Amino acid sequence: MGKTIKISGPLIVAEGMSDCKMYDVVRISELGLLGEIIELRGDKASIQVYEETSGLGPDEDVISTGEPLSVELAPGLISGIFDGIQRPLTALYFNYGARISRGVSVNSLDRDKKWRFVPAVKKGDKVSEGDILGTVRETEIIEHRILVPNGVEGDIVSVSEGEFTIEDTVAVIQTPSGKKPVSMLRKWPVRKGRPYKTKLAPEAPMITGQRVIDTLFPIARGGVAAVPGPFGSGKTVVQHQLAKWADADIIVYIGCGERGNEMTDVLNEFPALKDPKTGEPIMKRTVLIANTSDMPVAAREASIYTGITIAEYFRDMGYNVAIMADSTSRWAEALREMSGRLEEMPGDEGYPAYLASRLAEFYERAGIVKILGTRDRTGSVTAIGAVSPPGGDLSEPVSQATLRIVKVFWGLSASLAYKRHFPAIDWLISYSLYADKIKEWFDENVGADFLRYRQFIMTVLQEEAALNEIVRLVGMDALSSKDRLTMETAKIIREDYLHQNAFHETDTFTSLKKQFLMLKLIYEFDSRAREAVENFASLNDILNCSCKEKIGRAKYITEENLGEFDEILKTLNSELKALARGGEDV
């Protein structure tokens with residue numbers, strides 16, 4: 001047992017801690033405040049405390065638990081709302097009220113609730129770590145797979161079916177070192193990645209239903225992406241849309257240092273949202289970690305690791321998991337504050353020198369992997385982190401360190417947001433390095449022309465940016481008919497395709513098939529209009545065609561009525577061909 005000798009906000013220094021190890025969890029004072037050792041010097045330990053330290057003084061008792069900060073993994077995670085160190089906020093509210101009392105000790109998962117366990121193995125079967133022992137129907141959407149614990153292999157001595165708590169023994173395995181009783185509850189240290197067989201190269205996209213993302217800047221399943229942008233540019237709404245509509249089996253949403261009202265919106269919206277695949281509430285496949293800006297700064301630093309560990313746990317069951325971290329800048333600020341209190345040598349803008357390596361540790365835990373077990377199974381974690389650079393300055397350290405790691409960059413633009421263009425992803429600065437790797441998947445599942453249409457859109461938008469400089473100098477009238485048509489096509493792309501209303505029942509989500517049909521309309525309009533212009537048709541007549549308005553409203557065609565695209569295409573061809581013939585007569 002040690003004694004406190006220094007208290008500096010969330011940092012406590014204690015002496016007499018020579019028997020402790022790095023990242024051991026400790027309890028401090030009679031209040032039992034929770035902390036974690038982050039530095040050892042001789043018999044002195046620096047401890048980051050996950051709770052308010054006001055009122056503490058020198059000579060307080062510090063008792064080490066001898067274990068690292070860990071999360072509880074078992075049925076009961078899905079639909080759960082936890083803080084940064086996995087304390088269940090709903091249970092805390094009912095037991096202690098709206099404010100979390102200091103030193104409260106509560107189990108992360110319910111020990112009394114019984115779950116129906118259905119065995120997937122029988123007596124005498126040989127199993128190894130990662131194999132499925134049995135299943136629990138956790139929600140109507142998610143089947144929770146109980147796995148053989150890490151480091152355990154042998155023969156099944158007994159396995160039970162029925163109603164059990166997460167601490168009850170459901171199976172006994174004969175291992176080389178003796179009989180091992182197995183329950184549904186697992187614990188795992190948050191700073192240690194869960195093991196797997198092999199990490200695989202990404203081959204398929206994670207479909208989000210957001211046109212600017214799926215078409216121009218796709219993210220691969222098992223990939224990593226950053227969403228940087230200034231205040232008010234829509235980072236949180238983009239994260240919410242991805243959490244709602246991405247085709248992941250499980251969503252882990254981390255509100256890391258965000259405003260309380262934004263987390264309140266999430267907590268109110270998610271239970272009311274319907275999962276597009278099953279019709280059930282989306283919360284039935286979601287884990288929420290809420291660590292708002294008024295909570296202790298040290299717990300903010302831990303929340304990222306808590307979230308990624310839970311994501312890896314579901315990955316090991318064979319699920320595709322998407323983890324949203326909003327925002328990693330607030331997490332980096334927590335690192336900076338703790339580093340300053342430790343009196344470490346500061347790096348750029350006061351951030352610690354190890355900022356880049358810590359960010360890499362987090363993002364590298366994403367990926368698509370072959371999971372442990374005798375069967376050949378895969379699972380994935382796709383990580384999407386929001387970055388909040390002060391003043392929108394992407395040259396600041398967190399943005400730059402993140403860009404060196406991630407392969408998808410969705411750069412949000414304040415100017416687009418001010419124009420009410422959402423998602424405000426700037427197509428001139430954003431990029432995706434996965435587009436070529438998942439080309440075969442698009443060719444096989446969407447159509448060989450999809451990436452051709454994508455290239456067409458990118459080219460038109462780049463040409464528009466160049467033409468805008470001329471327009472600013474000498475005006476639109478100085479452009480040729482072909483260049484004016486380029487400007488009009490770019491306008492259709494921006495306003496009718498890339499602009500998407502998150503709050504419109506139909507427009508909030510667009511399937512890949514509908515995206516393909518919308519792209520085809522725009523491509524065919526541009527091609528037919530150019531033919532008409534070459535045949536001296538009036539540009540004003542082309543722009544006044546009824547088909548142009550129909551293209552603009554195509555985004556509101558429901559998924560059940562995609563046949564309407566064929567009718568628009570017929571109208572487009574007949575009207576523009578008639579104009580081309582009319583131009584020939586002239």
# chains A, B, ... in the order shown; residues from 1 in each chain; ligands from 1
$ select_by_dssp --residues "range 128-358 of chain A" --states "alpha helix (DSSP H)" --output "PDB file with C-alpha atoms, in the first residue's frame"
ATOM      1  CA  ARG A 211     -23.451   9.030 -52.070  1.00  0.00           C
ATOM      2  CA  LYS A 235     -18.586  15.955 -38.371  1.00  0.00           C
ATOM      3  CA  THR A 236     -21.006  14.591 -35.804  1.00  0.00           C
ATOM      4  CA  VAL A 237     -23.894  14.318 -38.285  1.00  0.00           C
ATOM      5  CA  VAL A 238     -21.628  12.401 -40.699  1.00  0.00           C
ATOM      6  CA  GLN A 239     -20.697  10.038 -37.844  1.00  0.00           C
ATOM      7  CA  HIS A 240     -24.373   9.629 -36.921  1.00  0.00           C
ATOM      8  CA  GLN A 241     -25.306   8.846 -40.521  1.00  0.00           C
ATOM      9  CA  LEU A 242     -22.562   6.226 -40.750  1.00  0.00           C
ATOM     10  CA  ALA A 243     -23.640   4.687 -37.454  1.00  0.00           C
ATOM     11  CA  LYS A 244     -27.250   4.533 -38.648  1.00  0.00           C
ATOM     12  CA  TRP A 245     -26.786   3.270 -42.196  1.00  0.00           C
ATOM     13  CA  GLY A 260     -23.400  16.657 -23.603  1.00  0.00           C
ATOM     14  CA  ASN A 261     -26.254  17.863 -25.810  1.00  0.00           C
ATOM     15  CA  GLU A 262     -24.794  15.987 -28.809  1.00  0.00           C
ATOM     16  CA  MET A 263     -24.609  12.749 -26.824  1.00  0.00           C
ATOM     17  CA  THR A 264     -28.161  13.403 -25.631  1.00  0.00           C
ATOM     18  CA  ASP A 265     -29.244  13.601 -29.285  1.00  0.00           C
ATOM     19  CA  VAL A 266     -27.585  10.229 -29.937  1.00  0.00           C
ATOM     20  CA  LEU A 267     -29.223   8.647 -26.905  1.00  0.00           C
ATOM     21  CA  ASN A 268     -32.626  10.001 -27.949  1.00  0.00           C
ATOM     22  CA  GLU A 269     -32.312   9.242 -31.680  1.00  0.00           C
ATOM     23  CA  VAL A 297     -10.271  14.112 -18.588  1.00  0.00           C
ATOM     24  CA  ALA A 298      -8.404  10.877 -17.796  1.00  0.00           C
ATOM     25  CA  ALA A 299     -11.491   8.748 -18.510  1.00  0.00           C
ATOM     26  CA  ARG A 300     -11.671  10.440 -21.918  1.00  0.00           C
ATOM     27  CA  GLU A 301      -8.262   8.983 -22.725  1.00  0.00           C
ATOM     28  CA  ALA A 302      -9.413   5.495 -21.693  1.00  0.00           C
ATOM     29  CA  SER A 303     -12.722   5.612 -23.614  1.00  0.00           C
ATOM     30  CA  ILE A 304     -11.049   5.078 -27.013  1.00  0.00           C
ATOM     31  CA  TYR A 305      -9.388   1.874 -25.790  1.00  0.00           C
ATOM     32  CA  THR A 306     -12.567   0.650 -24.110  1.00  0.00           C
ATOM     33  CA  GLY A 307     -14.453   1.070 -27.391  1.00  0.00           C
ATOM     34  CA  ILE A 308     -11.901  -0.639 -29.642  1.00  0.00           C
ATOM     35  CA  THR A 309     -11.606  -3.607 -27.228  1.00  0.00           C
ATOM     36  CA  ILE A 310     -15.392  -4.151 -27.302  1.00  0.00           C
ATOM     37  CA  ALA A 311     -15.250  -3.894 -31.117  1.00  0.00           C
ATOM     38  CA  GLU A 312     -12.501  -6.547 -31.275  1.00  0.00           C
ATOM     39  CA  TYR A 313     -14.551  -8.844 -29.045  1.00  0.00           C
ATOM     40  CA  PHE A 314     -17.457  -8.830 -31.510  1.00  0.00           C
ATOM     41  CA  ARG A 315     -14.996  -9.117 -34.406  1.00  0.00           C
ATOM     42  CA  THR A 328      -9.941  11.887 -31.450  1.00  0.00           C
ATOM     43  CA  SER A 329      -8.900  15.543 -31.010  1.00  0.00           C
ATOM     44  CA  ARG A 330     -10.547  15.611 -27.566  1.00  0.00           C
ATOM     45  CA  TRP A 331      -8.724  12.365 -26.758  1.00  0.00           C
ATOM     46  CA  ALA A 332      -5.434  13.946 -27.859  1.00  0.00           C
ATOM     47  CA  GLU A 333      -6.184  16.961 -25.638  1.00  0.00           C
ATOM     48  CA  ALA A 334      -6.532  14.563 -22.695  1.00  0.00           C
ATOM     49  CA  LEU A 335      -3.114  13.094 -23.599  1.00  0.00           C
ATOM     50  CA  ARG A 336      -1.678  16.610 -23.730  1.00  0.00           C
ATOM     51  CA  GLU A 337      -3.075  17.548 -20.329  1.00  0.00           C
ATOM     52  CA  MET A 338      -1.769  14.389 -18.651  1.00  0.00           C
ATOM     53  CA  SER A 339       1.609  14.770 -20.387  1.00  0.00           C
ATOM     54  CA  GLY A 340       1.872  18.357 -19.129  1.00  0.00           C
ATOM     55  CA  ARG A 341       1.100  17.329 -15.568  1.00  0.00           C
ATOM     56  CA  LEU A 355       1.046  11.418 -29.974  1.00  0.00           C
ATOM     57  CA  ALA A 356       1.553   9.839 -33.426  1.00  0.00           C
ATOM     58  CA  SER A 357       2.425   6.408 -31.997  1.00  0.00           C
ATOM     59  CA  ARG A 358      -0.646   6.435 -29.709  1.00  0.00           C
TER      60      ARG A 358
END
$ residues_around --residues "range 129-143 of chain A" --least-positions-apart "5" --cutoff "10 Å" --atoms "only C-alpha atoms" --output "ChimeraX atom specification"
/A:74-79,115-122,148-154,156,159-161,163,170-171,182,184,195-196,249-250,275,277-286,316-317,319,371-375
$ residues_around --residues "Gly367 in chain A" --least-positions-apart "6" --cutoff "8 Å" --atoms "only C-alpha atoms" --output "PyMOL selection string"
chain A and resi 199-200+202+221-224+380-382
$ residues_around --residues "range 549-561 of chain A" --least-positions-apart "3" --cutoff "12 Å" --atoms "only C-alpha atoms" --output "ChimeraX atom specification"
/A:209-211,276,489,491-501,504-526,542-546,564-572
$ residues_around --residues "Thr53 in chain A" --least-positions-apart "4" --cutoff "9 Å" --atoms "only C-alpha atoms" --output "ChimeraX atom specification"
/A:7-12,33,49,102
$ atom_distance --atom1 "CA of Phe94 in chain A" --atom2 "CA of Asp61 in chain A"
29.8 Å
$ closest_residue --among "A:Pro228, A:Pro68, A:Pro58, A:Pro296" --to "Val190 in chain A" --atoms "only C-alpha atoms"
A:Pro68
$ closest_residue --among "A:Pro218, A:Asn535, A:Ala490, A:Asp24" --to "Ala435 in chain A" --atoms "only C-alpha atoms"
A:Pro218
$ closest_residue --among "A:Leu342, A:Val157, A:Ala45, A:Ala502" --to "Phe422 in chain A" --atoms "only C-alpha atoms"
A:Ala502
$ select_by_dssp --residues "range 27-120 of chain A" --states "strand (DSSP E)" --output "PyMOL selection string"
chain A and resi 27-28+33-41+44-49+61-68+70-73+81-82+115-119
